[in-house]
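Pasting upload21.cif here (mmCIF, C-alpha atoms):
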```cif
data_data
loop_
_atom_site.label_atom_id
_atom_site.label_comp_id
_atom_site.auth_asym_id
_atom_site.auth_seq_id
_atom_site.Cartn_x
_atom_site.Cartn_y
_atom_site.Cartn_z
CA MET A 16 131.03 -100.79 75.98
CA LYS A 17 133.49 -98.67 74.02
CA ILE A 18 131.76 -99.52 70.76
CA ALA A 19 129.48 -96.67 71.74
CA LEU A 20 132.28 -94.09 71.57
CA LEU A 21 132.45 -94.10 67.77
CA PHE A 22 128.80 -93.08 67.57
CA PHE A 23 129.72 -89.86 69.36
CA LEU A 24 132.07 -89.18 66.44
CA LEU A 25 129.42 -89.94 63.81
CA PRO A 26 127.80 -86.47 63.93
CA VAL A 27 131.29 -84.96 63.68
CA PHE A 28 132.07 -87.04 60.57
CA CYS A 29 128.75 -86.04 59.06
CA TYR A 30 128.94 -82.33 59.89
CA SER A 31 132.53 -82.08 58.64
CA GLN A 32 131.26 -83.04 55.17
CA GLU A 33 128.46 -80.44 55.21
CA SER A 34 128.70 -77.09 53.46
CA ARG A 35 125.41 -75.55 54.72
CA ILE A 36 124.29 -74.28 58.10
CA ASP A 37 120.53 -74.82 57.69
CA ASP A 38 118.30 -77.41 59.36
CA TRP A 39 119.80 -77.31 62.87
CA ALA A 40 117.14 -78.36 65.38
CA PHE A 41 116.54 -79.22 69.01
CA SER A 42 113.79 -81.39 70.47
CA LEU A 43 112.28 -82.36 73.81
CA LYS A 44 110.59 -85.75 74.13
CA GLY A 45 108.96 -87.71 76.94
CA LYS A 46 108.87 -91.50 76.81
CA SER A 47 106.98 -94.17 78.72
CA GLY A 48 107.56 -97.91 78.73
CA PHE A 49 108.43 -100.98 80.76
CA LEU A 50 111.42 -103.13 81.68
CA ALA A 51 111.48 -106.25 79.49
CA ALA A 52 112.49 -109.30 81.57
CA HIS A 53 114.29 -111.15 78.76
CA ARG A 54 115.66 -113.77 81.18
CA GLY A 55 113.78 -115.74 83.83
CA THR A 56 116.22 -114.57 86.50
CA MET A 57 115.02 -110.97 85.89
CA GLY A 58 111.35 -111.63 86.61
CA HIS A 59 111.57 -110.02 90.06
CA LEU A 60 112.85 -106.66 88.73
CA ALA A 61 109.97 -105.19 86.72
CA LYS A 62 108.17 -103.20 89.44
CA ASP A 63 107.72 -99.63 88.16
CA ARG A 64 106.48 -98.09 84.93
CA LEU A 65 109.33 -96.44 83.03
CA PHE A 66 109.38 -92.69 82.43
CA ALA A 67 112.20 -91.09 80.47
CA GLY A 68 113.12 -87.71 79.05
CA GLU A 69 115.32 -86.86 76.06
CA LEU A 70 116.86 -83.60 74.86
CA SER A 71 118.28 -83.84 71.34
CA PHE A 72 120.30 -81.61 69.03
CA SER A 73 120.30 -82.61 65.37
CA LYS A 74 120.88 -81.54 61.79
CA ARG A 75 119.44 -82.76 58.53
CA LEU A 76 122.25 -83.52 56.09
CA ARG A 77 121.80 -82.37 52.51
CA SER A 78 125.02 -81.51 50.70
CA LYS A 79 126.79 -84.80 49.92
CA ASN A 80 125.92 -87.45 47.33
CA TRP A 81 125.56 -90.14 49.99
CA CYS A 82 123.08 -87.92 51.89
CA GLU A 83 120.79 -87.76 48.86
CA GLU A 84 121.08 -91.53 48.45
CA TYR A 85 119.73 -91.94 51.99
CA ARG A 86 116.98 -89.29 51.57
CA ASN A 87 118.89 -86.72 53.62
CA PRO A 88 119.34 -88.36 57.04
CA TYR A 89 119.32 -86.63 60.42
CA ALA A 90 122.39 -86.84 62.68
CA GLY A 91 122.82 -85.55 66.20
CA ILE A 92 123.30 -86.14 69.92
CA THR A 93 120.71 -87.00 72.60
CA LEU A 94 120.84 -86.51 76.38
CA TYR A 95 118.80 -89.21 78.17
CA GLY A 96 117.52 -89.87 81.71
CA SER A 97 115.03 -92.31 83.21
CA ASN A 98 114.11 -94.64 86.02
CA LEU A 99 114.94 -98.29 85.26
CA GLY A 100 111.88 -100.20 86.40
CA ASN A 101 112.96 -100.85 89.99
CA ARG A 102 114.23 -97.88 91.99
CA GLU A 103 115.30 -99.97 94.98
CA ILE A 104 117.47 -102.45 93.07
CA LEU A 105 118.31 -100.76 89.75
CA GLY A 106 118.08 -97.06 90.60
CA TYR A 107 118.21 -94.58 87.70
CA GLY A 108 119.93 -94.37 84.33
CA PHE A 109 121.46 -91.38 82.55
CA GLY A 110 123.48 -90.99 79.40
CA ALA A 111 124.23 -89.41 76.05
CA TYR A 112 124.36 -90.98 72.60
CA GLY A 113 125.05 -90.02 69.04
CA PHE A 114 122.49 -91.06 66.45
CA ILE A 115 121.60 -91.12 62.80
CA GLU A 116 118.07 -91.37 61.38
CA PHE A 117 117.38 -92.67 57.88
CA PRO A 118 114.11 -91.33 56.36
CA TRP A 119 111.76 -93.83 54.78
CA THR A 120 109.77 -91.04 53.11
CA ARG A 121 110.78 -88.02 51.01
CA GLY A 122 108.01 -85.66 52.12
CA GLU A 123 108.84 -82.40 53.85
CA LYS A 124 105.47 -82.18 55.67
CA HIS A 125 105.84 -85.58 57.28
CA VAL A 126 109.09 -87.55 57.65
CA PHE A 127 109.21 -91.12 58.98
CA THR A 128 112.65 -92.45 59.98
CA CYS A 129 114.59 -95.45 61.26
CA LYS A 130 116.86 -94.44 64.16
CA LEU A 131 120.22 -95.96 65.18
CA GLY A 132 121.97 -94.57 68.24
CA ALA A 133 124.73 -95.52 70.68
CA GLY A 134 126.69 -93.78 73.40
CA LEU A 135 127.61 -93.97 77.08
CA GLY A 136 125.21 -94.48 79.97
CA ALA A 137 125.55 -94.51 83.75
CA VAL A 138 123.41 -96.31 86.31
CA THR A 139 123.16 -95.40 89.98
CA LYS A 140 123.04 -98.96 91.37
CA VAL A 141 125.02 -102.09 90.44
CA TYR A 142 125.40 -105.69 91.57
CA ASP A 143 127.00 -106.22 94.96
CA VAL A 144 127.25 -109.70 96.44
CA ALA A 145 126.43 -108.39 99.93
CA LYS A 146 124.43 -105.17 99.47
CA ASN A 147 122.60 -105.65 96.14
CA PRO A 148 122.72 -109.33 95.06
CA LYS A 149 119.45 -109.16 93.10
CA ASN A 150 120.83 -106.67 90.55
CA VAL A 151 121.78 -109.32 87.99
CA PRO A 152 121.57 -107.06 84.88
CA MET A 153 124.17 -104.42 85.85
CA SER A 154 127.65 -104.88 87.35
CA THR A 155 129.32 -101.62 86.20
CA TYR A 156 128.30 -98.01 86.72
CA LEU A 157 129.42 -97.01 83.21
CA ASN A 158 127.88 -98.89 80.28
CA ALA A 159 127.04 -98.73 76.62
CA LEU A 160 123.72 -97.05 75.89
CA ILE A 161 122.01 -98.12 72.66
CA CYS A 162 118.75 -96.88 71.15
CA LEU A 163 117.08 -98.48 68.10
CA GLY A 164 113.66 -97.55 66.81
CA ILE A 165 111.41 -95.62 64.47
CA GLN A 166 110.45 -91.94 64.69
CA GLY A 167 108.07 -89.62 62.89
CA ARG A 168 108.07 -85.83 62.44
CA TRP A 169 104.90 -83.98 61.49
CA TYR A 170 105.74 -80.39 60.53
CA MET A 171 102.80 -78.24 61.60
CA LYS A 172 104.81 -75.27 60.26
CA PRO A 173 108.19 -75.33 58.50
CA GLN A 174 110.07 -74.80 61.79
CA HIS A 175 107.70 -76.55 64.24
CA ALA A 176 107.20 -80.32 64.37
CA LEU A 177 105.40 -82.85 66.52
CA ILE A 178 107.58 -85.95 67.00
CA TYR A 179 106.51 -89.45 68.00
CA SER A 180 108.54 -92.62 68.40
CA LEU A 181 108.66 -96.32 69.21
CA ASP A 182 112.08 -97.53 70.31
CA MET A 183 114.14 -99.96 72.39
CA THR A 184 116.76 -98.54 74.78
CA HIS A 185 119.47 -100.88 76.05
CA PHE A 186 122.13 -100.70 78.78
CA SER A 187 125.04 -103.20 78.75
CA ASN A 188 128.77 -103.37 79.46
CA GLY A 189 129.42 -105.75 76.55
CA SER A 190 130.29 -108.63 78.89
CA SER A 191 133.41 -106.83 80.11
CA LYS A 192 132.30 -107.71 83.67
CA VAL A 193 129.75 -110.19 85.01
CA PRO A 194 126.89 -110.39 85.79
CA ASN A 195 125.74 -108.59 82.64
CA LEU A 196 122.25 -109.58 81.55
CA GLY A 197 121.65 -105.97 80.48
CA LEU A 198 118.52 -103.84 80.51
CA ASN A 199 116.04 -103.76 77.60
CA MET A 200 113.40 -101.02 77.78
CA PRO A 201 110.71 -100.59 75.08
CA TYR A 202 109.31 -97.04 74.93
CA ILE A 203 106.69 -94.98 73.16
CA GLY A 204 107.50 -91.27 72.97
CA LEU A 205 105.91 -87.93 72.16
CA GLY A 206 107.61 -84.55 71.87
CA TYR A 207 108.28 -81.29 70.07
CA GLU A 208 111.06 -80.20 67.69
CA TYR A 209 112.07 -76.69 66.63
CA THR A 210 114.22 -76.13 63.53
CA PHE A 211 116.21 -72.89 63.64
CA LYS A 212 116.38 -72.36 59.88
CA LYS A 213 114.84 -74.63 57.31
CA LYS A 214 115.52 -74.59 53.58
CA GLU A 215 114.00 -76.45 50.70
CA VAL A 216 115.68 -79.60 49.48
CA THR A 217 118.17 -79.05 46.67
CA ASN A 218 118.50 -82.01 44.36
CA LEU A 219 122.07 -83.05 43.68
CA ASN A 220 123.57 -85.08 40.88
CA LEU A 221 124.00 -88.54 42.35
CA THR A 222 127.03 -90.70 41.70
CA THR A 223 126.38 -93.40 39.11
CA PHE A 224 127.68 -96.88 39.92
CA GLU A 225 128.85 -99.06 37.10
CA ARG A 226 127.94 -102.72 37.10
CA VAL A 227 130.99 -104.81 37.95
CA PRO A 228 131.10 -108.64 37.83
CA PHE A 229 130.68 -110.19 41.26
CA PHE A 230 134.19 -111.66 41.42
CA LYS A 231 136.02 -108.46 40.39
CA ASN A 232 137.24 -105.36 42.22
CA TRP A 233 137.00 -106.56 45.82
CA ASN A 234 138.91 -104.52 48.42
CA VAL A 235 141.32 -106.56 50.57
CA SER A 236 141.83 -105.67 54.25
CA VAL A 237 143.64 -107.13 57.25
CA VAL A 238 142.46 -106.13 60.74
CA GLY A 239 144.22 -106.82 64.03
CA ILE A 240 141.88 -107.05 67.03
CA ILE A 241 142.42 -106.89 70.79
CA SER A 242 139.93 -107.07 73.65
CA ASP A 243 139.31 -108.59 77.07
CA LYS A 244 136.60 -110.69 78.69
CA GLN A 245 135.52 -111.67 82.18
CA ILE A 246 133.90 -115.01 82.88
CA PHE A 247 132.10 -116.42 85.89
CA PRO A 248 132.45 -116.55 88.86
CA THR A 249 131.56 -112.92 89.55
CA GLY A 250 134.60 -110.88 90.52
CA GLY A 251 136.99 -113.18 88.70
CA ARG A 252 139.96 -112.11 86.60
CA ARG A 253 139.79 -110.68 83.07
CA TYR A 254 141.30 -112.55 80.14
CA PRO A 255 142.77 -111.03 76.97
CA VAL A 256 141.43 -111.73 73.49
CA TYR A 257 143.60 -111.53 70.36
CA ALA A 258 142.29 -111.92 66.82
CA LEU A 259 143.21 -111.38 63.19
CA SER A 260 140.69 -110.97 60.38
CA GLY A 261 141.39 -111.18 56.66
CA MET A 262 138.55 -109.41 54.90
CA LEU A 263 137.14 -108.90 51.41
CA PHE A 264 134.76 -105.95 50.92
CA LYS A 265 132.80 -104.68 47.95
CA GLN A 266 130.17 -101.96 47.51
CA PHE A 267 127.63 -103.06 44.91
CA LYS A 268 125.23 -100.11 45.08
CA PRO A 269 125.18 -96.74 46.86
CA LYS A 270 123.48 -98.34 49.89
CA VAL A 271 124.58 -101.97 49.57
CA GLY A 272 127.92 -103.46 50.56
CA MET A 273 129.13 -106.94 51.45
CA GLU A 274 132.11 -108.35 53.32
CA ILE A 275 133.55 -111.84 53.70
CA ALA A 276 136.12 -112.58 56.41
CA LEU A 277 138.32 -115.35 57.76
CA ASP A 278 138.75 -114.94 61.54
CA VAL A 279 141.53 -116.38 63.69
CA ILE A 280 140.72 -115.88 67.39
CA SER A 281 142.74 -116.59 70.54
CA LYS A 282 140.39 -116.19 73.51
CA GLN A 283 142.46 -116.87 76.61
CA SER A 284 139.43 -117.47 78.82
CA ILE A 285 138.92 -120.82 77.06
CA THR A 286 142.05 -122.07 78.87
CA TYR A 287 139.96 -122.04 82.07
CA TYR A 288 136.89 -123.63 80.50
CA ARG A 289 136.81 -127.18 81.88
CA GLU A 290 140.08 -126.59 83.72
CA TYR A 291 140.61 -130.30 84.30
CA ILE A 292 141.46 -130.70 80.58
CA PRO A 293 145.07 -129.69 79.70
CA LYS A 294 145.10 -127.23 76.79
CA THR A 295 147.68 -125.64 74.49
CA GLN A 296 147.38 -122.34 72.62
CA TRP A 297 146.62 -124.29 69.44
CA ASP A 298 143.86 -126.16 71.26
CA ILE A 299 142.03 -122.96 72.27
CA LEU A 300 142.45 -121.27 68.87
CA GLN A 301 139.16 -120.61 67.10
CA ILE A 302 138.89 -120.21 63.32
CA GLY A 303 135.70 -118.96 61.72
CA GLY A 304 134.20 -117.75 58.48
CA PHE A 305 132.03 -114.61 58.47
CA ILE A 306 129.73 -112.92 55.96
CA GLY A 307 128.19 -109.52 56.59
CA TYR A 308 125.95 -106.85 55.11
CA ASN A 309 127.38 -103.32 55.02
CA ILE A 310 125.58 -99.97 54.96
CA PRO A 311 128.08 -97.46 53.49
CA LEU A 312 128.00 -93.76 54.40
CA ASP A 313 130.94 -92.46 52.40
CA LYS A 314 134.02 -93.67 54.35
CA PHE A 315 131.96 -94.70 57.36
CA ARG A 316 130.03 -97.97 57.25
CA PHE A 317 127.85 -100.12 59.48
CA VAL A 318 128.25 -103.88 59.50
CA ILE A 319 125.91 -106.66 60.62
CA GLY A 320 126.36 -110.34 59.90
CA MET A 321 126.86 -113.92 61.01
CA GLY A 322 129.81 -116.31 61.14
CA ALA A 323 130.40 -119.95 61.99
CA TYR A 324 133.37 -121.61 63.67
CA MET A 325 135.28 -124.06 61.51
CA LYS A 326 137.69 -124.86 64.34
CA ASP A 327 136.37 -124.62 67.90
CA ARG A 328 137.56 -127.65 69.83
CA TYR A 329 135.94 -126.99 73.22
CA GLN A 330 132.84 -125.11 72.06
CA PRO A 331 132.33 -122.87 75.13
CA ASP A 332 129.59 -121.01 73.23
CA ALA A 333 127.31 -121.57 70.25
CA MET A 334 128.56 -122.69 66.83
CA PHE A 335 127.45 -119.40 65.24
CA TYR A 336 128.62 -115.91 66.13
CA HIS A 337 127.40 -112.46 65.14
CA ARG A 338 128.79 -108.99 64.61
CA VAL A 339 127.17 -105.58 64.73
CA GLY A 340 129.22 -102.41 64.67
CA MET A 341 131.04 -99.92 62.50
CA ARG A 342 134.21 -99.31 60.53
CA TYR A 343 135.84 -96.10 59.26
CA GLN A 344 138.03 -96.18 56.17
CA PHE A 345 140.65 -93.42 55.75
CA GLY A 346 141.81 -92.38 52.30
CA ASN A 347 145.36 -93.62 52.97
CA GLY A 348 144.13 -97.18 53.54
CA LEU A 349 144.01 -97.12 57.36
CA LEU A 350 140.90 -98.84 58.74
CA LEU A 351 139.39 -98.44 62.24
CA ASN A 352 137.17 -101.19 63.61
CA LEU A 353 134.75 -101.08 66.57
CA VAL A 354 132.36 -104.05 66.61
CA LEU A 355 130.38 -106.08 69.14
CA LYS A 356 130.84 -109.84 68.75
CA SER A 357 128.10 -111.98 70.25
CA HIS A 358 126.52 -115.42 70.22
CA TRP A 359 122.90 -114.64 69.39
CA ALA A 360 121.72 -112.31 72.21
CA LYS A 361 124.70 -113.06 74.49
CA ALA A 362 127.58 -110.57 74.21
CA ASP A 363 131.03 -112.13 73.82
CA TYR A 364 133.40 -109.13 73.70
CA ILE A 365 134.07 -105.83 71.94
CA GLU A 366 136.47 -105.97 68.98
CA TYR A 367 138.83 -102.97 69.04
CA GLY A 368 140.77 -103.13 65.81
CA VAL A 369 143.13 -101.33 63.45
CA GLY A 370 143.69 -102.54 59.92
CA TYR A 371 144.82 -101.65 56.44
CA THR A 372 143.05 -101.84 53.08
CA PHE A 373 145.59 -102.64 50.38
CA ASN A 374 143.74 -101.43 47.30
CA TYR A 375 141.43 -98.76 48.63
CA LYS A 376 140.11 -96.50 45.84
CA GLY A 377 137.63 -94.16 47.57
CA ARG A 378 134.00 -94.49 46.48
CA TYR A 379 133.84 -97.93 45.03
CA HIS A 380 133.34 -98.39 41.30
CA ALA A 381 131.78 -94.98 40.79
CA LYS A 382 131.74 -93.40 37.35
#
```
Mind turning the file's structure into structure tokens?
Amino acid sequence: MKIALLFFLLPVFCYSQESRIDDWAFSLKGKSGFLAAHRGTMGHLAKDRLFAGELSFSKRLRSKNWCEEYRNPYAGITLYGSNLGNREILGYGFGAYGFIEFPWTRGEKHVFTCKLGAGLGAVTKVYDVAKNPKNVPMSTYLNALICLGIQGRWYMKPQHALIYSLDMTHFSNGSSKVPNLGLNMPYIGLGYEYTFKKKEVTNLNLTTFERVPFFKNWNVSVVGIISDKQIFPTGGRRYPVYALSGMLFKQFKPKVGMEIALDVISKQSITYYREYIPKTQWDILQIGGFIGYNIPLDKFRFVIGMGAYMKDRYQPDAMFYHRVGMRYQFGNGLLLNLVLKSHWAKADYIEYGVGYTFNYKGRYHAK
């Protein structure tokens, strides 16, 4: 769940690097959709059509090299509220999330974007073994709120725009407590945006990246990770997770980065997997190799990728694991890590980590 917190800081990171005050905007948008029953045990929940409302505050970023590389993205915060497809069992959902939108077009009359957003959401009804046993998606009132989609802006006048969107909104606690099947809600949206002061785009001199051989100039990082995880039965105890990742990272182009990691994971819940088998700490230790794609935004970067266990004696989950999340690299070498680890669509746990990059040199290989 706490992976969402860093997205609240994303607009702050972006705005702190801005030197202009133009292009602030607010928007109102209505959305309609349905509850997607992604598991058979959720088939009884989709009763009502979904209706949601969003109020957003945003800014188009223009004054840094990385902003030009991404066609001047939008960053901001959205307030969200909706029903959840079954008022009796699921109730209502509310929340706020930070977001960034990457334009796919350069036009000023019409801008089409890809939107990534995450924050905190609250639901009014949760699982209760006696009072609400059919609420299998939600077991905590406070959850992560994630929104992924596409959005268009048609500027009827420089300061007035019609907005339309197609997105997926998701509630989940990241498997910190069970049951946690989560809520997936596809929406279509229509709304209005007003920009307080809009200026023309100013072209900047972009940083030029020199071509470096693949095996040279990799950045070396070590990240320590801690988390916790609850397993069935419902209401059971929580188990700590400890991990250490040795990581190689390299930025090849302004928008392309890659990382390779060796992961050593001690997930204490495995001790109670098939309890009849005696286990040592070495027995439950998992070792995996990971490769990921990075999207760099100056010192902030998104990561998505897949790994495979090379040592996983009891195999409580799938052979492959996945990561999606974010890292922030400080100039002094300190590295912050907030990533969701999963096995395909099943959340495993949130990786809260602090690390150090030994040979950090700022913008990688720039002339």
*Go through the shown structure with the PyMOL selection byres ((chain A and resi 282) around 7) and write out the matching residues as a ChimeraX atom specification.*
/A:255-257,280-281,283-285
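Reported to one decimal place, the separation of atom CA of Ser180 of chain A from atom CA of Leu60 of chain A is 25.1 Å.
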*asked:* Report as a list of chain:residue names all protein, DNA and RNA residues lying within 6 Å of Lys244 of chain A, evaluated on only C-alpha atoms, omitting residues in the same chain fewer than 5 positions from it.
replied: A:Ser191, A:Arg253, A:Tyr254
_Close residues, Leu349 of chain A itself excluded, 8 Å, all atoms listed in the file, min 2 positions apart in chain, as a PyMOL selection string_ = chain A and resi 344-347+351+369-372
*Which residue gives the smallest distance to Gly348 of chain A among A:Phe373, A:Tyr336, A:Tyr324, A:Tyr156, with all atoms listed in the file counted?*
A:Phe373
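Nearest to Gly204 of chain A of all the residues A:Gly164, A:Gly106, A:Pro118, A:Pro228 is A:Gly164, counting all atoms listed in the file.
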